file query.cif (mmCIF, C-alpha atoms and all ligand atoms)
data_entry
loop_
_atom_site.label_atom_id
_atom_site.label_comp_id
_atom_site.auth_asym_id
_atom_site.auth_seq_id
_atom_site.Cartn_x
_atom_site.Cartn_y
_atom_site.Cartn_z
CA MET S 264 104.21 65.87 97.16
CA LYS S 265 101.06 63.73 96.84
CA GLY S 266 97.59 64.60 95.52
CA GLN S 267 95.91 67.97 95.17
CA LYS S 268 96.57 70.46 97.94
CA HIS S 269 93.62 72.53 99.19
CA ILE S 270 94.43 76.17 99.81
CA ALA S 271 92.72 78.85 101.90
CA LEU S 272 93.89 82.01 100.15
CA LEU S 273 93.47 85.06 102.37
CA GLY S 274 93.69 88.28 100.38
CA ALA S 275 92.91 86.65 97.02
CA THR S 276 92.19 89.99 95.33
CA GLY S 277 95.59 91.54 96.14
CA SER S 278 98.99 91.42 94.48
CA ILE S 279 100.19 88.23 96.21
CA GLY S 280 96.69 86.71 96.07
CA LEU S 281 96.41 87.11 92.29
CA GLN S 282 99.92 85.73 91.72
CA THR S 283 99.07 82.73 93.93
CA LEU S 284 95.98 82.17 91.79
CA ASP S 285 98.16 82.27 88.70
CA ILE S 286 100.13 79.31 90.10
CA ILE S 287 96.90 77.48 91.04
CA ARG S 288 95.48 78.14 87.55
CA ARG S 289 98.58 76.69 85.86
CA PHE S 290 98.95 73.66 88.17
CA PRO S 291 95.36 72.42 88.76
CA GLU S 292 96.53 68.86 89.37
CA ARG S 293 98.54 70.09 92.36
CA TYR S 294 96.47 72.91 93.84
CA LYS S 295 92.84 73.80 94.47
CA ALA S 296 91.64 77.21 95.73
CA THR S 297 89.18 75.97 98.36
CA VAL S 298 88.62 79.25 100.21
CA LEU S 299 89.04 82.74 98.73
CA THR S 300 88.82 85.92 100.79
CA ALA S 301 88.90 89.68 100.19
CA GLY S 302 88.61 92.88 102.18
CA SER S 303 86.12 94.98 100.23
CA LYS S 304 86.58 94.32 96.48
CA VAL S 305 83.45 92.23 96.21
CA ASP S 306 83.20 92.31 92.40
CA LYS S 307 86.74 91.02 91.99
CA LEU S 308 86.09 88.29 94.57
CA ILE S 309 82.94 87.22 92.70
CA GLU S 310 84.85 87.12 89.39
CA LEU S 311 87.59 84.95 90.96
CA CYS S 312 85.03 82.62 92.54
CA ARG S 313 83.32 82.14 89.19
CA GLU S 314 86.64 81.03 87.74
CA PHE S 315 88.08 78.97 90.64
CA LYS S 316 84.82 77.63 92.17
CA PRO S 317 86.01 77.48 95.79
CA ARG S 318 83.92 75.79 98.49
CA CYS S 319 83.72 79.07 100.41
CA ALA S 320 84.14 82.83 99.85
CA VAL S 321 84.71 85.29 102.69
CA ILE S 322 84.57 89.09 102.64
CA ALA S 323 85.82 91.25 105.54
CA ARG S 324 83.14 93.93 105.11
CA GLU S 325 79.89 92.50 106.48
CA ASP S 326 77.68 94.96 104.53
CA LEU S 327 78.88 93.31 101.29
CA LEU S 328 77.68 89.83 102.28
CA PRO S 329 74.20 90.07 100.67
CA ARG S 330 75.76 90.87 97.28
CA LEU S 331 78.27 88.03 97.64
CA LYS S 332 75.47 85.60 98.53
CA PHE S 333 73.23 86.78 95.70
CA GLU S 334 75.95 86.07 93.12
CA LEU S 335 77.63 82.98 94.55
CA GLU S 336 75.10 80.93 96.52
CA PRO S 337 73.36 79.79 93.30
CA LEU S 338 76.74 78.30 92.32
CA GLY S 339 76.83 76.30 95.57
CA ILE S 340 79.56 78.47 97.13
CA GLU S 341 79.19 79.15 100.85
CA CYS S 342 79.48 82.89 101.60
CA LEU S 343 80.63 84.39 104.90
CA ALA S 344 81.71 87.81 106.19
CA GLY S 345 83.53 89.48 109.05
CA ASP S 346 86.76 89.07 110.96
CA ASN S 347 85.77 85.86 112.78
CA ALA S 348 84.84 84.15 109.51
CA LEU S 349 88.17 85.31 108.00
CA ALA S 350 90.07 83.68 110.83
CA ASP S 351 87.95 80.53 111.10
CA CYS S 352 87.96 79.72 107.37
CA VAL S 353 91.54 78.42 107.59
CA CYS S 354 90.56 75.66 110.04
CA HIS S 355 88.09 73.65 107.95
CA ASP S 356 89.01 69.94 107.65
CA ASP S 357 89.59 70.18 103.89
CA ILE S 358 92.30 72.89 104.15
CA ASP S 359 95.94 71.80 103.80
CA ILE S 360 97.62 75.20 103.80
CA ALA S 361 96.65 78.82 104.43
CA VAL S 362 98.26 81.51 102.28
CA THR S 363 98.15 84.66 104.41
CA ALA S 364 98.24 87.48 101.85
CA THR S 365 96.11 90.12 103.55
CA VAL S 366 97.80 93.40 104.31
CA GLY S 367 98.75 94.77 107.73
CA TYR S 368 97.48 93.84 111.17
CA SER S 369 94.53 91.93 109.66
CA GLY S 370 96.89 88.98 109.05
CA LEU S 371 97.55 88.27 112.72
CA ALA S 372 94.25 86.66 113.83
CA PRO S 373 93.95 84.19 110.88
CA THR S 374 97.61 83.16 111.30
CA LEU S 375 97.13 82.46 115.01
CA ARG S 376 93.94 80.53 114.19
CA ALA S 377 95.80 78.43 111.58
CA ILE S 378 98.45 77.62 114.20
CA GLU S 379 95.74 76.69 116.69
CA CYS S 380 94.29 74.15 114.22
CA GLY S 381 97.67 72.80 113.16
CA LYS S 382 97.45 74.05 109.55
CA ASP S 383 100.54 74.89 107.51
CA ILE S 384 100.99 78.53 106.58
CA ALA S 385 102.55 80.17 103.53
CA LEU S 386 103.24 83.50 105.19
CA ALA S 387 103.18 86.61 103.02
CA ASN S 388 101.76 88.86 105.74
CA LYS S 389 105.04 89.89 107.41
CA GLU S 390 103.16 92.21 109.77
CA THR S 391 102.05 89.09 111.69
CA LEU S 392 105.63 88.44 112.85
CA VAL S 393 106.38 92.15 113.23
CA VAL S 394 103.41 92.76 115.53
CA ALA S 395 103.52 89.57 117.58
CA GLY S 396 106.58 87.49 116.67
CA GLU S 397 107.11 86.26 120.24
CA LEU S 398 103.51 85.11 120.58
CA VAL S 399 103.52 83.40 117.18
CA LYS S 400 106.72 81.52 118.09
CA LYS S 401 105.26 80.44 121.42
CA ARG S 402 102.07 79.17 119.79
CA LEU S 403 104.02 77.42 117.02
CA ALA S 404 106.03 75.49 119.62
CA GLY S 405 102.87 73.72 120.75
CA SER S 406 101.44 73.09 117.27
CA SER S 407 102.08 70.90 114.24
CA SER S 408 101.87 73.98 111.94
CA ARG S 409 104.81 74.96 109.83
CA ILE S 410 105.50 78.40 108.38
CA PHE S 411 106.84 78.65 104.82
CA PRO S 412 107.94 82.23 104.03
CA VAL S 413 106.58 83.94 100.90
CA ASP S 414 108.53 87.19 101.27
CA SER S 415 111.21 86.95 98.55
CA GLU S 416 114.13 87.68 100.90
CA HIS S 417 113.07 85.06 103.42
CA SER S 418 112.37 82.54 100.70
CA ALA S 419 115.88 83.23 99.39
CA ILE S 420 117.35 82.65 102.86
CA ALA S 421 115.36 79.42 103.23
CA GLN S 422 116.74 78.30 99.84
CA CYS S 423 120.31 79.17 100.91
CA LEU S 424 119.87 77.29 104.20
CA ALA S 425 118.50 74.11 102.59
CA GLY S 426 120.82 71.24 103.50
CA GLU S 427 123.03 73.42 105.71
CA ASP S 428 123.93 73.13 109.38
CA SER S 429 122.24 76.15 110.98
CA SER S 430 124.95 76.40 113.67
CA MET S 431 127.40 77.33 110.87
CA VAL S 432 125.50 80.49 109.89
CA GLU S 433 127.45 83.69 110.50
CA ARG S 434 125.13 86.39 109.06
CA LEU S 435 121.94 86.84 107.09
CA LEU S 436 122.24 89.53 104.43
CA ILE S 437 118.83 90.84 103.43
CA THR S 438 118.93 92.67 100.12
CA ALA S 439 116.94 95.85 99.49
CA SER S 440 116.33 97.61 96.18
CA GLY S 441 116.62 100.96 97.98
CA GLY S 442 113.21 101.97 96.62
CA PRO S 443 112.34 104.99 94.45
CA PHE S 444 114.16 107.48 96.74
CA ARG S 445 117.51 105.66 96.87
CA THR S 446 119.36 108.55 95.25
CA TRP S 447 117.13 111.43 96.44
CA GLU S 448 118.24 114.29 98.72
CA PRO S 449 116.75 114.37 102.26
CA GLU S 450 114.62 117.46 101.50
CA GLN S 451 113.11 115.85 98.39
CA ILE S 452 112.34 112.65 100.32
CA ALA S 453 110.64 114.56 103.15
CA ASN S 454 108.30 116.31 100.69
CA ALA S 455 107.68 113.42 98.28
CA CYS S 456 104.09 112.61 97.39
CA ALA S 457 102.19 109.37 96.87
CA ALA S 458 102.79 109.16 93.11
CA ASP S 459 106.57 109.32 93.73
CA ALA S 460 106.52 106.70 96.49
CA LEU S 461 104.38 104.34 94.40
CA ARG S 462 106.92 104.31 91.57
CA HIS S 463 108.91 101.27 92.75
CA PRO S 464 111.87 100.58 90.46
CA ASN S 465 111.66 96.75 90.36
CA TRP S 466 108.55 95.30 91.98
CA ASN S 467 104.83 95.70 91.29
CA MET S 468 103.15 95.26 94.69
CA GLY S 469 100.20 96.48 96.76
CA GLN S 470 100.24 100.16 97.71
CA LYS S 471 101.03 99.75 101.41
CA ILE S 472 104.15 97.61 100.95
CA THR S 473 105.27 99.87 98.08
CA VAL S 474 105.22 102.90 100.41
CA ASP S 475 106.95 100.83 103.13
CA SER S 476 109.66 100.02 100.56
CA ALA S 477 110.11 103.73 99.81
CA SER S 478 110.58 104.55 103.53
CA MET S 479 112.63 101.33 103.95
CA LEU S 480 110.45 100.42 106.92
CA ASN S 481 109.73 97.32 104.84
CA LYS S 482 113.39 96.34 105.27
CA ALA S 483 113.23 96.96 109.01
CA PHE S 484 110.15 94.72 109.10
CA GLU S 485 112.02 92.07 107.12
CA ILE S 486 114.89 92.07 109.64
CA ILE S 487 112.33 91.44 112.41
CA GLU S 488 110.63 88.78 110.26
CA ALA S 489 113.99 87.04 109.60
CA HIS S 490 114.83 87.03 113.31
CA TYR S 491 111.64 85.14 114.16
CA LEU S 492 111.69 82.82 111.13
CA PHE S 493 115.32 81.72 111.37
CA ASP S 494 116.17 82.19 115.08
CA ILE S 495 119.21 84.36 114.36
CA GLU S 496 120.21 87.15 116.77
CA PRO S 497 119.38 90.67 115.48
CA GLU S 498 123.08 91.68 115.47
CA ARG S 499 123.74 89.02 112.81
CA ILE S 500 121.04 90.19 110.38
CA GLU S 501 121.97 93.05 108.06
CA ALA S 502 120.34 94.92 105.19
CA VAL S 503 122.35 95.45 101.99
CA VAL S 504 121.16 97.74 99.21
CA HIS S 505 121.23 95.94 95.86
CA PRO S 506 119.44 98.15 93.31
CA GLN S 507 118.97 95.46 90.62
CA SER S 508 116.82 93.15 92.86
CA ILE S 509 118.36 90.06 91.25
CA ILE S 510 119.97 88.65 94.40
CA HIS S 511 117.01 88.14 96.77
CA SER S 512 119.17 87.64 99.87
CA MET S 513 122.32 85.89 101.06
CA VAL S 514 123.63 83.75 103.91
CA GLU S 515 127.22 84.04 105.09
CA PHE S 516 128.60 80.92 106.77
CA LYS S 517 131.31 80.59 109.42
CA ASP S 518 133.80 79.11 106.94
CA GLY S 519 133.62 82.33 104.87
CA ALA S 520 131.28 81.03 102.15
CA VAL S 521 128.41 83.25 101.07
CA LYS S 522 125.38 81.67 99.38
CA ALA S 523 122.97 83.82 97.38
CA GLN S 524 119.69 83.08 95.62
CA LEU S 525 119.24 84.88 92.30
CA GLY S 526 116.28 85.24 89.98
CA MET S 527 114.07 87.75 88.23
CA PRO S 528 111.93 89.90 90.53
CA ASP S 529 108.83 87.68 90.25
CA MET S 530 106.91 86.75 93.40
CA ARG S 531 105.49 83.61 91.79
CA LEU S 532 108.79 81.85 92.52
CA PRO S 533 108.73 82.33 96.32
CA ILE S 534 104.95 81.72 96.37
CA ALA S 535 105.36 78.39 94.53
CA TYR S 536 108.31 77.43 96.77
CA ALA S 537 106.20 78.16 99.88
CA ILE S 538 103.00 76.36 98.89
CA GLY S 539 105.13 73.49 97.57
CA GLU S 540 106.67 73.06 101.07
CA HIS S 541 110.08 74.00 99.74
CA HIS S 542 109.91 71.86 96.63
CA ARG S 543 110.48 73.50 93.25
CA LEU S 544 107.83 73.82 90.57
CA PRO S 545 108.97 73.88 86.92
CA ALA S 546 108.23 77.19 85.12
CA ALA S 547 106.71 78.76 88.23
CA ALA S 548 108.16 82.17 87.40
CA LYS S 549 110.08 84.13 84.75
CA THR S 550 113.41 82.56 83.89
CA MET S 551 116.59 84.56 84.04
CA ARG S 552 119.48 85.00 81.63
CA ILE S 553 122.39 85.78 83.91
CA GLU S 554 124.39 87.14 80.97
CA ASP S 555 121.86 90.01 80.70
CA PHE S 556 123.02 91.27 84.08
CA CYS S 557 126.63 92.29 83.65
CA LYS S 558 126.58 94.42 86.80
CA LEU S 559 125.26 93.50 90.22
CA THR S 560 126.04 96.26 92.72
CA PHE S 561 125.81 96.69 96.49
CA GLU S 562 125.63 99.68 98.82
CA LYS S 563 125.42 100.19 102.56
CA PRO S 564 121.96 101.33 103.67
CA ASP S 565 121.71 105.00 104.67
CA TYR S 566 120.12 105.20 108.13
CA THR S 567 120.14 109.02 108.02
CA ARG S 568 118.06 109.49 104.90
CA PHE S 569 115.94 106.43 105.77
CA PRO S 570 115.51 106.64 109.56
CA CYS S 571 112.71 104.02 109.54
CA LEU S 572 115.45 101.40 109.09
CA GLY S 573 116.47 102.02 112.70
CA PHE S 574 113.12 100.76 113.99
CA ALA S 575 114.25 97.12 113.53
CA ALA S 576 117.09 97.34 116.06
CA MET S 577 114.91 99.34 118.45
CA ALA S 578 112.02 96.89 118.28
CA LEU S 579 114.23 93.82 118.70
CA LYS S 580 116.07 95.42 121.65
CA GLU S 581 112.99 96.67 123.51
CA ARG S 582 110.67 93.75 122.52
CA GLY S 583 107.25 93.81 124.23
CA ASN S 584 104.68 95.75 122.20
CA THR S 585 107.21 98.13 120.57
CA ALA S 586 106.94 96.66 117.06
CA CYS S 587 103.15 96.42 117.42
CA VAL S 588 103.05 100.20 118.05
CA ILE S 589 105.43 100.89 115.14
CA ASN S 590 103.27 98.82 112.79
CA ALA S 591 99.98 100.40 113.90
CA ALA S 592 101.30 103.98 113.61
CA ASN S 593 102.78 103.16 110.21
CA GLU S 594 99.49 101.72 108.88
CA ILE S 595 97.66 104.91 109.89
CA ALA S 596 100.41 107.17 108.52
CA VAL S 597 100.70 105.33 105.19
CA ALA S 598 96.92 105.47 104.67
CA ALA S 599 96.95 109.22 105.39
CA PHE S 600 99.93 109.69 103.07
CA LEU S 601 98.15 107.83 100.26
CA ARG S 602 95.09 110.08 100.77
CA GLY S 603 97.41 113.09 100.33
CA GLU S 604 96.90 114.25 103.93
CA ILE S 605 100.55 114.18 105.06
CA LYS S 606 104.00 114.43 103.55
CA PHE S 607 106.30 111.44 103.16
CA GLY S 608 108.57 112.67 105.99
CA ASP S 609 105.56 112.69 108.33
CA ILE S 610 105.40 108.89 108.22
CA TYR S 611 108.59 108.59 110.30
CA LYS S 612 107.49 111.44 112.57
CA THR S 613 104.11 109.81 113.22
CA ILE S 614 105.74 106.51 114.20
CA ALA S 615 108.32 108.17 116.47
CA HIS S 616 105.67 110.36 118.16
CA THR S 617 103.30 107.42 118.67
CA LEU S 618 106.09 105.34 120.24
CA GLU S 619 106.93 108.19 122.59
CA HIS S 620 103.33 108.47 123.78
CA SER S 621 102.46 104.75 124.05
CA ASP S 622 102.63 102.59 127.17
CA PHE S 623 105.28 99.87 127.04
CA ILE S 624 103.99 96.35 127.73
CA PRO S 625 106.97 94.03 128.43
CA ALA S 626 105.30 90.62 127.89
CA PRO S 627 102.08 91.15 125.95
CA ASP S 628 99.47 88.43 125.51
CA TYR S 629 97.02 88.43 122.60
CA SER S 630 94.59 90.84 124.25
CA ASP S 631 97.46 93.25 125.01
CA TYR S 632 98.41 93.30 121.31
CA VAL S 633 94.78 94.02 120.37
CA ALA S 634 94.62 96.90 122.86
CA SER S 635 98.07 98.25 121.98
CA ASN S 636 97.25 98.20 118.25
CA ALA S 637 94.00 100.11 118.83
CA GLU S 638 95.62 102.63 121.16
CA ALA S 639 98.54 103.31 118.81
CA ARG S 640 96.16 103.83 115.87
CA ALA S 641 94.17 106.37 117.87
CA LYS S 642 97.34 108.24 118.92
CA ALA S 643 98.73 108.28 115.37
CA SER S 644 95.40 109.53 113.97
CA GLU S 645 95.27 112.29 116.57
CA LEU S 646 98.75 113.50 115.62
CA ILE S 647 97.98 113.38 111.90
CA SER S 648 94.88 115.50 112.37
CA LYS S 649 97.19 118.28 113.65
CA LEU S 650 99.75 118.08 110.82
CA GLN S 651 99.84 120.36 107.78
CA PRO S 652 98.19 118.75 104.74
CA SER S 653 100.55 117.60 101.98
CA CYS S 654 101.12 120.03 99.12
CA CYS S 655 100.99 117.23 96.48
P1 LIG A 701 97.45 94.17 98.43
O1 LIG A 701 97.06 95.49 99.01
O2 LIG A 701 97.68 94.08 96.98
O3 LIG A 701 96.33 93.09 98.81
C1 LIG A 701 95.85 92.98 100.12
C2 LIG A 701 94.77 91.93 100.21
O4 LIG A 701 94.26 91.93 101.55
C3 LIG A 701 93.57 92.20 99.31
O5 LIG A 701 92.99 90.98 98.93
C4 LIG A 701 92.63 92.97 100.23
O6 LIG A 701 91.27 92.90 99.86
C5 LIG A 701 92.85 92.23 101.54
N1 LIG A 701 92.56 93.03 102.72
C6 LIG A 701 92.85 94.34 102.91
N2 LIG A 701 92.45 94.74 104.13
C7 LIG A 701 91.86 93.65 104.71
C8 LIG A 701 91.24 93.44 105.96
N3 LIG A 701 91.13 94.41 106.89
N4 LIG A 701 90.76 92.21 106.23
C9 LIG A 701 90.86 91.23 105.33
N5 LIG A 701 91.43 91.37 104.12
C10 LIG A 701 91.94 92.58 103.82
O7 LIG A 701 98.71 93.69 99.26
P2 LIG A 701 99.93 92.76 98.79
O8 LIG A 701 99.41 91.57 98.08
O9 LIG A 701 100.95 93.60 98.15
O10 LIG A 701 100.55 92.33 100.19
C11 LIG A 701 99.94 91.36 101.01
C12 LIG A 701 100.92 90.98 102.12
O11 LIG A 701 102.05 90.35 101.53
C13 LIG A 701 101.46 92.19 102.90
O12 LIG A 701 101.63 91.84 104.23
C14 LIG A 701 102.81 92.45 102.26
O13 LIG A 701 103.74 93.03 103.14
C15 LIG A 701 103.23 91.02 101.88
N6 LIG A 701 104.17 90.95 100.75
C16 LIG A 701 103.78 91.41 99.53
C17 LIG A 701 104.64 91.35 98.44
C18 LIG A 701 104.21 91.77 97.07
O14 LIG A 701 104.97 91.58 96.11
N7 LIG A 701 103.04 92.31 96.88
C19 LIG A 701 106.03 90.87 98.61
C20 LIG A 701 106.31 90.38 99.93
C21 LIG A 701 105.42 90.43 100.95
P3 LIG A 701 90.63 94.00 98.84
O15 LIG A 701 91.33 93.79 97.53
O16 LIG A 701 89.21 93.62 98.81
O17 LIG A 701 90.90 95.33 99.44
MG MG A 702 110.42 91.38 100.68
#
call {"tool": "encode", "arguments": {"input": "query.cif", "output": "structure tokens", "more": "lines below"}}
Ligand code: NDP
Ligand code: MG
result
Amino acid sequence: MKGQKHIALLGATGSIGLQTLDIIRRFPERYKATVLTAGSKVDKLIELCREFKPRCAVIAREDLLPRLKFELEPLGIECLAGDNALADCVCHDDIDIAVTATVGYSGLAPTLRAIECGKDIALANKETLVVAGELVKKRLAGSSSRIFPVDSEHSAIAQCLAGEDSSMVERLLITASGGPFRTWEPEQIANACAADALRHPNWNMGQKITVDSASMLNKAFEIIEAHYLFDIEPERIEAVVHPQSIIHSMVEFKDGAVKAQLGMPDMRLPIAYAIGEHHRLPAAAKTMRIEDFCKLTFEKPDYTRFPCLGFAAMALKERGNTACVINAANEIAVAAFLRGEIKFGDIYKTIAHTLEHSDFIPAPDYSDYVASNAEARAKASELISKLQPSCC
């Protein structure tokens, strides 16, 4: 890799954003944070801009722009706000790669914009492929953009596939920690509250993905993500529960070989591998002493206690806007759950109810996804307003 790579980091203030900045901080000869964005944490964004001195800072909430300008314009940093600015900031001539680390549906528009301008993408925002995988693939086919996965499982698969003949792949095995409720009884899971769901055994992540890990919808999303990233039929992608989170995923080949990628649960490794275009960076992440892990165990996922897992097969069978509806209903339900308004079991119910009451669109274009997302959010919110508040 030559020279210093200029990065547009979307979601700089979040878990993936801050870990990406840790890599940039430690490898200044390789990387420069040229654009930093946030949703609403304006003070954190200002602090990061003071340290990293990007060319441009963008905040989603337009009412926070005056404060951003007041603090950063004297430093010569351009300040912008709003969804259009968030999408357009990836296309500037000086940008080499966009790291999409915003949460939820908000990742879709900037990713499509990056593809439109032929920029490479280090994709953390899995919801982009969940919501509109078909559209993203179609747009990628006519672009010079490349997607490098940040999600640890997909990074692991990419590492296992390096140098292999893709026609020899038999199955992708996506590992799952099982989350905080792995050993809980169904009744306990149904009534769990936010503090329980946020206690992830192995990973320290943003709140939304942590709740998705507890419901295992995160794993369903990762099956969908793997299908679009690696062009493997859904029937040949399986989830395997591996409570230690040391094996980040595996690929089984047609000759019977299984390749696995192991490492400590530390997202800086897949982030560095993605922004380095699948080249390794020395000391990017924590090193591992394999002898400290005398037991690596595996279990079959339990689709009865974790019914959200079943949404992957449903979405990949029905296609159209099904996964867009699932994602939208889940975002509304998770936010309500985190506010203490619904029980954990209501997340699944909200998604299932919203699917039942949403119109199916077989071949959505971008405007259909926008409409379907808005409609599903409204339906999910309406249902939630009728549910009993959580007792937590
Ligand atoms: P966080 O919640 O920690 O961070 C989200 C970031 O997105 C913040 O910078 C936030 O800004 C910003 N943001 C929130 N809403 C909007 C919006 N509407 N428009 C623009 N920006 C917004 O999330 P994570 O870092 O945990 O996750 C980011 C993505 O990466 C998710 O898609 C997740 O699934 C994926 N991922 C995360 C992993 C992890 O270890 N954390 C692992 C694998 C994948 P602000 O701080 O101002 O609110
Ligand atoms: Mg993951």
call {"tool": "residues_around", "arguments": {"input": "query.cif", "residues": "Phe315 in chain S", "least_positions_apart": "2", "cutoff": "12 Å", "atoms": "all atoms listed in the file", "output": "number ranges by chain"}}
result
S: 270, 272, 275, 281, 284-285, 287-289, 291, 294-299, 308-313, 317-320, 335, 338, 340
call {"tool": "residues_near_ligand", "arguments": {"input": "query.cif", "ligand": "ligand LIG 701 (chain A)", "cutoff": "7 Å", "atoms": "only C-alpha atoms and all ligand atoms", "output": "short mmCIF file (atom, residue, chain, number, x, y, z; two decimals) with C-alpha atoms, in the frame of the given file"}}
result
data_model
loop_
_atom_site.label_atom_id
_atom_site.label_comp_id
_atom_site.auth_asym_id
_atom_site.auth_seq_id
_atom_site.Cartn_x
_atom_site.Cartn_y
_atom_site.Cartn_z
CA LEU S 273 93.47 85.06 102.37
CA GLY S 274 93.69 88.28 100.38
CA ALA S 275 92.91 86.65 97.02
CA THR S 276 92.19 89.99 95.33
CA GLY S 277 95.59 91.54 96.14
CA SER S 278 98.99 91.42 94.48
CA ILE S 279 100.19 88.23 96.21
CA GLY S 280 96.69 86.71 96.07
CA THR S 300 88.82 85.92 100.79
CA ALA S 301 88.90 89.68 100.19
CA GLY S 302 88.61 92.88 102.18
CA SER S 303 86.12 94.98 100.23
CA LYS S 304 86.58 94.32 96.48
CA VAL S 305 83.45 92.23 96.21
CA ALA S 323 85.82 91.25 105.54
CA ASP S 346 86.76 89.07 110.96
CA ALA S 364 98.24 87.48 101.85
CA THR S 365 96.11 90.12 103.55
CA VAL S 366 97.80 93.40 104.31
CA GLY S 367 98.75 94.77 107.73
CA SER S 369 94.53 91.93 109.66
CA ALA S 387 103.18 86.61 103.02
CA ASN S 388 101.76 88.86 105.74
CA LYS S 389 105.04 89.89 107.41
CA GLU S 390 103.16 92.21 109.77
CA VAL S 413 106.58 83.94 100.90
CA ASP S 414 108.53 87.19 101.27
CA SER S 415 111.21 86.95 98.55
CA TRP S 466 108.55 95.30 91.98
CA ASN S 467 104.83 95.70 91.29
CA MET S 468 103.15 95.26 94.69
CA GLY S 469 100.20 96.48 96.76
CA GLN S 470 100.24 100.16 97.71
CA LYS S 471 101.03 99.75 101.41
CA ILE S 472 104.15 97.61 100.95
CA MET S 530 106.91 86.75 93.40
#
call {"tool": "residues_near_ligand", "arguments": {"input": "query.cif", "ligand": "ligand MG 702 (chain A)", "cutoff": "12 Å", "atoms": "only C-alpha atoms and all ligand atoms", "output": "VMD selection string"}}
result
chain S and resid 279 386 to 390 412 to 420 437 to 442 465 to 468 472 to 473 475 to 476 479 to 489 502 508 510 to 512 528 to 530 533 to 534
call {"tool": "write_last_selection", "arguments": {"input": "query.cif", "atoms": "C-alpha atoms", "output": "CSV table (one decimal), in the coordinates of the input"}}
result
chain,number,residue,atom,x,y,z
S,279,ILE,CA,100.2,88.2,96.2
S,386,LEU,CA,103.2,83.5,105.2
S,387,ALA,CA,103.2,86.6,103.0
S,388,ASN,CA,101.8,88.9,105.7
S,389,LYS,CA,105.0,89.9,107.4
S,390,GLU,CA,103.2,92.2,109.8
S,412,PRO,CA,107.9,82.2,104.0
S,413,VAL,CA,106.6,83.9,100.9
S,414,ASP,CA,108.5,87.2,101.3
S,415,SER,CA,111.2,87.0,98.6
S,416,GLU,CA,114.1,87.7,100.9
S,417,HIS,CA,113.1,85.1,103.4
S,418,SER,CA,112.4,82.5,100.7
S,419,ALA,CA,115.9,83.2,99.4
S,420,ILE,CA,117.4,82.6,102.9
S,437,ILE,CA,118.8,90.8,103.4
S,438,THR,CA,118.9,92.7,100.1
S,439,ALA,CA,116.9,95.8,99.5
S,440,SER,CA,116.3,97.6,96.2
S,441,GLY,CA,116.6,101.0,98.0
S,442,GLY,CA,113.2,102.0,96.6
S,465,ASN,CA,111.7,96.8,90.4
S,466,TRP,CA,108.6,95.3,92.0
S,467,ASN,CA,104.8,95.7,91.3
S,468,MET,CA,103.2,95.3,94.7
S,472,ILE,CA,104.2,97.6,101.0
S,473,THR,CA,105.3,99.9,98.1
S,475,ASP,CA,107.0,100.8,103.1
S,476,SER,CA,109.7,100.0,100.6
S,479,MET,CA,112.6,101.3,104.0
S,480,LEU,CA,110.4,100.4,106.9
S,481,ASN,CA,109.7,97.3,104.8
S,482,LYS,CA,113.4,96.3,105.3
S,483,ALA,CA,113.2,97.0,109.0
S,484,PHE,CA,110.2,94.7,109.1
S,485,GLU,CA,112.0,92.1,107.1
S,486,ILE,CA,114.9,92.1,109.6
S,487,ILE,CA,112.3,91.4,112.4
S,488,GLU,CA,110.6,88.8,110.3
S,489,ALA,CA,114.0,87.0,109.6
S,502,ALA,CA,120.3,94.9,105.2
S,508,SER,CA,116.8,93.2,92.9
S,510,ILE,CA,120.0,88.6,94.4
S,511,HIS,CA,117.0,88.1,96.8
S,512,SER,CA,119.2,87.6,99.9
S,528,PRO,CA,111.9,89.9,90.5
S,529,ASP,CA,108.8,87.7,90.2
S,530,MET,CA,106.9,86.8,93.4
S,533,PRO,CA,108.7,82.3,96.3
S,534,ILE,CA,105.0,81.7,96.4
call {"tool": "atom_distance", "arguments": {"input": "query.cif", "atom1": "CA of Pro443 in chain S", "atom2": "CA of Pro570 in chain S"}}
result
15.5 Å
call {"tool": "closest_atom_pairs", "arguments": {"input": "query.cif", "of": "range 563-601 of chain S", "to": "range 638-649 of chain S", "cutoff": "7 Å", "atoms": "all atoms listed in the file", "output": "JSON lines"}}
result
{"residue": "S:Val588", "atom": "CA", "partner": "S:Ala639", "partner_atom": "CA", "distance": 5.5}
{"residue": "S:Ala591", "atom": "CA", "partner": "S:Arg640", "partner_atom": "CA", "distance": 5.5}
{"residue": "S:Ala592", "atom": "CA", "partner": "S:Ala643", "partner_atom": "CA", "distance": 5.3}
{"residue": "S:Ile595", "atom": "CA", "partner": "S:Arg640", "partner_atom": "CA", "distance": 6.3}
call {"tool": "write_last_selection", "arguments": {"input": "query.cif", "atoms": "C-alpha atoms", "output": "PDB file, in the coordinates of the input"}}
result
ATOM      1  CA  VAL S 588     103.050 100.200 118.050  1.00  0.00           C
ATOM      2  CA  ALA S 591      99.980 100.400 113.900  1.00  0.00           C
ATOM      3  CA  ALA S 592     101.300 103.980 113.610  1.00  0.00           C
ATOM      4  CA  ILE S 595      97.660 104.910 109.890  1.00  0.00           C
TER       5      ILE S 595
END
call {"tool": "closest_residue", "arguments": {"input": "query.cif", "among": "S:Leu559, S:Ala455, S:Lys268, S:Ala350", "to": "Lys606 in chain S", "atoms": "all atoms listed in the file"}}
result
S:Ala455
call {"tool": "closest_residue", "arguments": {"input": "query.cif", "among": "S:Leu618, S:Ala599, S:Leu331, S:Cys354", "to": "Asn636 in chain S", "atoms": "all atoms listed in the file"}}
result
S:Leu618
call {"tool": "atom_distance", "arguments": {"input": "query.cif", "atom1": "CA of Pro373 in chain S", "atom2": "CA of Gly539 in chain S"}}
result
20.4 Å
